[in-house]
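Undergrad: I'd like to ask you about the structure that follows.
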Amino acid sequence: GGGGGGGGGGADAIDALRAKMTSHILASPGKKPKPKPKPSLSSLDAEAKRAKEEAKKKRREEAAARLEASAARLETPGEVNSWTDFGKALFHPRSACLLTGLWHGVDAFAGFGEGAAWIETEDRREEVRDRIRFFAEECDALRGFNVLLDDLGGFGGFAAAALEELRDEYGSATPTCAHSLRASREELTTSSASPDDARGDFRAALLNEALASATLGAECELYAPLQLGLRPLSASRAKLLAGLDARSKYHGTALAAACVESSSTPWRTRARDGVGAGDMRATARRVNADGPFVA
């Protein structure tokens with residue numbers, strides 16, 4: 001009985017030793033559990049991602065096609081009704097300023113004073129100032145303002161107040177160059193209902209031009225009105241501008257855009273990239289040495 005008990009005790013000791021060795025081996029630092037593999041992108045997710053990229057590419061192609069089709073229609077007579085027809089590209093949402101009110105008939109925003117009066121009411125100057133400041137703060141080094149504007153009618157009064165805000169906010173150390181695009185005087189009178197209306201429209205156009213020149217020129221280093229013409233080109237000019245239709249607004253505005261592009265090239269050129277680079281103030285001084293006006 002005693003021998004059997006001793007044999008049983010020895011077996012228990014061996015089992016205990018084996019269990020201890022097993023736990024020691026499992027706890028050894030050399031035996032780390034293998035990391036679980038990261039889940040790979042499933043074929044369904046890959047297909048969804050590919051479809052999303054293709055849809056985005058298709059939307060870009062459709063937008064480009066619509067832009068080209070819209071530009072082509074601008075050459076068709078009767079398709080152009082306002083300057084916004086030329087603005088098919090999207091504008092930044094912070095660049096739009098809504099004109100509250102109803103503008104038609106005698107209140108068609110056609111007078112210089114209407115724009116000046118509108119911006120003075122309800123503290124709208126602050127709204128204009130905030131919109132300009134948003135873009136100015138995005139610049140790493142603000143060198144000046146290149147302003148494209150409609151200086152006749154109510155928008156001329158609005159532009160005068162906006163330029164005055166630029167001068168007050170940023171001082172004379174920050175130059176401002178303004179280019180305006182005007183319809184020809186013939187076009188202003190051809191849409192009149194009667195000869196009396198035509199004479200009235202012509203006098204109003206002269207008054208708007210005088211107010212714009214007197215007000216806007218004082219706020220700019222360079223003020224360049226660009227006026228489209230309806231007269232046919234002379235033979236010498238027709239050779240230089242082959243294919244240009246002088247009566248087409250689309251062609252006329254393209255020529256005006258080329259003028260603005262050429263006049264602003266010096267201050268958009270870095271000195272290390274080419275000859276003729278200069279800041280905005282020096283360029284304005286070279287274009288017109290006698291003052292801010294350019295004929």
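Residues are referred to by chain and number: the chain letter is A, B, ... according to the order shown in the structure tokens, the number counts from 1 in that chain, and ligands are numbered separately from 1 in the order shown.
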Excluding same-chain residues fewer than 3 positions from Ser95 (chain A), what lies within 10 Å of it counting only C-alpha atoms, as a tab-separated table (two decimals) with C-alpha atoms, in the first residue's frame?
TA:
chain	number	residue	atom	x	y	z
A	91	PHE	CA	-17.24	82.73	-59.72
A	92	HIS	CA	-16.11	82.40	-56.12
A	98	LEU	CA	-26.51	90.82	-54.18
A	128	VAL	CA	-18.12	95.33	-49.65
A	131	ARG	CA	-15.59	90.71	-49.25
A	132	ILE	CA	-12.47	92.53	-50.42
A	134	PHE	CA	-11.36	88.06	-47.54
A	135	PHE	CA	-9.37	87.89	-50.79
Undergrad: For Phe158 (chain A), which of A:Ala198, A:Ala136, A:Ala205, A:Ala110 is the closest residue, counting only C-alpha atoms?
TA: A:Ala110
Undergrad: Using backbone DSSP assignments, extract all alpha helix (DSSP H) residues from region 91-265 of chain A; output them as a PyMOL selection string.
TA: chain A and resi 112-120+124-136+154-170+185-190+195-216+235-240+249-263+265
Undergrad: Within 12 Å of Ser172 (chain A), counting only C-alpha atoms, which residues qualify if same-chain residues fewer than 5 places away don't, as an MDAnalysis selection string?
TA: chainID A and resid 143:145 163:167 218:221 281
Undergrad: Using N, CA and C atoms, can you write the selected residues to a file as a compact mmCIF listing (two decimals), in the first residue's frame?
TA:
# COMPACT_ATOMS: atom_id res chain seq x y z
N ARG A 143 0.40 93.20 -53.57
CA ARG A 143 1.14 94.22 -54.32
C ARG A 143 0.23 95.28 -54.93
N GLY A 144 -1.06 95.06 -54.93
CA GLY A 144 -1.98 96.04 -55.49
C GLY A 144 -3.27 95.38 -55.92
N PHE A 145 -4.16 96.19 -56.47
CA PHE A 145 -5.47 95.71 -56.91
C PHE A 145 -5.63 96.01 -58.40
N LEU A 163 -13.84 101.49 -54.75
CA LEU A 163 -12.46 101.95 -54.88
C LEU A 163 -12.09 102.89 -53.73
N GLU A 164 -13.05 103.68 -53.29
CA GLU A 164 -12.79 104.54 -52.14
C GLU A 164 -12.52 103.71 -50.89
N GLU A 165 -13.23 102.59 -50.74
CA GLU A 165 -12.98 101.70 -49.61
C GLU A 165 -11.58 101.08 -49.70
N LEU A 166 -11.16 100.73 -50.91
CA LEU A 166 -9.81 100.20 -51.09
C LEU A 166 -8.77 101.21 -50.63
N ARG A 167 -8.95 102.46 -51.02
CA ARG A 167 -8.00 103.51 -50.65
C ARG A 167 -7.98 103.74 -49.15
N ALA A 218 -9.78 109.62 -59.61
CA ALA A 218 -9.12 110.14 -58.42
C ALA A 218 -8.73 109.04 -57.44
N GLU A 219 -9.27 107.84 -57.59
CA GLU A 219 -9.00 106.76 -56.67
C GLU A 219 -8.02 105.72 -57.23
N CYS A 220 -7.48 105.95 -58.43
CA CYS A 220 -6.65 104.94 -59.09
C CYS A 220 -5.34 105.54 -59.56
N GLU A 221 -4.33 104.69 -59.64
CA GLU A 221 -3.09 105.09 -60.30
C GLU A 221 -3.23 104.98 -61.81
N ARG A 281 2.68 100.18 -59.76
CA ARG A 281 2.78 101.64 -59.78
C ARG A 281 3.70 102.12 -60.90
Undergrad: As an exercise, work out the distance from CA of Arg73 (chain A) to CA of Ala257 (chain A) in Å and give it to one decimal place.
TA: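 One can read the CA of Arg73 (chain A) to CA of Ala257 (chain A) distance as 18.9 Å.
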Undergrad: Need the shell around region 265-267 of chain A: protein/DNA/RNA residues with any atom at most 9 Å away, counting only C-alpha atoms. Skip same-chain ones fewer than 6 positions apart. Format as number ranges by chain?
TA: A: 143, 275-283
Undergrad: Go ahead and write the residues just picked, N, CA and C atoms, as a PDB file, in the first residue's frame.
TA:
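As a result, again_29.pdb now contains:
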ATOM      1  N   ARG A 143       0.401  93.203 -53.571  1.00  0.00           N
ATOM      2  CA  ARG A 143       1.136  94.221 -54.325  1.00  0.00           C
ATOM      3  C   ARG A 143       0.234  95.279 -54.932  1.00  0.00           C
ATOM      4  N   VAL A 275      12.653  90.186 -69.167  1.00  0.00           N
ATOM      5  CA  VAL A 275      12.879  91.616 -69.204  1.00  0.00           C
ATOM      6  C   VAL A 275      11.528  92.336 -69.242  1.00  0.00           C
ATOM      7  N   GLY A 276      11.464  93.480 -68.604  1.00  0.00           N
ATOM      8  CA  GLY A 276      10.255  94.284 -68.639  1.00  0.00           C
ATOM      9  C   GLY A 276       9.382  94.152 -67.411  1.00  0.00           C
ATOM     10  N   ALA A 277       9.801  93.373 -66.434  1.00  0.00           N
ATOM     11  CA  ALA A 277       9.003  93.215 -65.220  1.00  0.00           C
ATOM     12  C   ALA A 277       9.041  94.506 -64.401  1.00  0.00           C
ATOM     13  N   GLY A 278       7.956  94.803 -63.741  1.00  0.00           N
ATOM     14  CA  GLY A 278       7.878  95.989 -62.892  1.00  0.00           C
ATOM     15  C   GLY A 278       6.649  95.923 -62.017  1.00  0.00           C
ATOM     16  N   ASP A 279       6.634  96.743 -60.970  1.00  0.00           N
ATOM     17  CA  ASP A 279       5.477  96.724 -60.093  1.00  0.00           C
ATOM     18  C   ASP A 279       4.327  97.500 -60.727  1.00  0.00           C
ATOM     19  N   MET A 280       3.170  97.446 -60.082  1.00  0.00           N
ATOM     20  CA  MET A 280       1.963  98.041 -60.644  1.00  0.00           C
ATOM     21  C   MET A 280       2.080  99.558 -60.750  1.00  0.00           C
ATOM     22  N   ARG A 281       2.678 100.177 -59.760  1.00  0.00           N
ATOM     23  CA  ARG A 281       2.776 101.641 -59.777  1.00  0.00           C
ATOM     24  C   ARG A 281       3.697 102.118 -60.903  1.00  0.00           C
ATOM     25  N   ALA A 282       4.833 101.425 -61.078  1.00  0.00           N
ATOM     26  CA  ALA A 282       5.762 101.810 -62.140  1.00  0.00           C
ATOM     27  C   ALA A 282       5.139 101.597 -63.511  1.00  0.00           C
ATOM     28  N   THR A 283       4.358 100.515 -63.659  1.00  0.00           N
ATOM     29  CA  THR A 283       3.695 100.254 -64.936  1.00  0.00           C
ATOM     30  C   THR A 283       2.676 101.341 -65.249  1.00  0.00           C
TER      31      THR A 283
END
Undergrad: I need the residues in region 163-244 of chain A that are strand (DSSP E or B) according to DSSP; give them as a ChimeraX atom specification.
TA: /A:176-182,222-227
Undergrad: Find the distance between CA of Ala284 (chain A) and CA of Ser180 (chain A) and write it in Å to one decimal.
TA: 15.2 Å
Undergrad: Quote the spacing between CA of Asn146 (chain A) and CA of Glu126 (chain A) in Å to one decimal place.
TA: 20.5 Å
Undergrad: Go through A:Asp150, A:Arg247, A:Phe155, A:Asp123 one by one, measure the shortest atom-to-atom distance of each to Pro77 (chain A) using only C-alpha atoms, and give the residue with the smallest value.
TA: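 Among the listed residues, A:Arg247 lies closest to Pro77 (chain A).
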Undergrad: My list of candidates is A:Arg203, A:Arg60, A:Lys52, A:Arg125. Which is closest to Asp168 (chain A) when distances are computed with only C-alpha atoms?
TA: A:Arg125
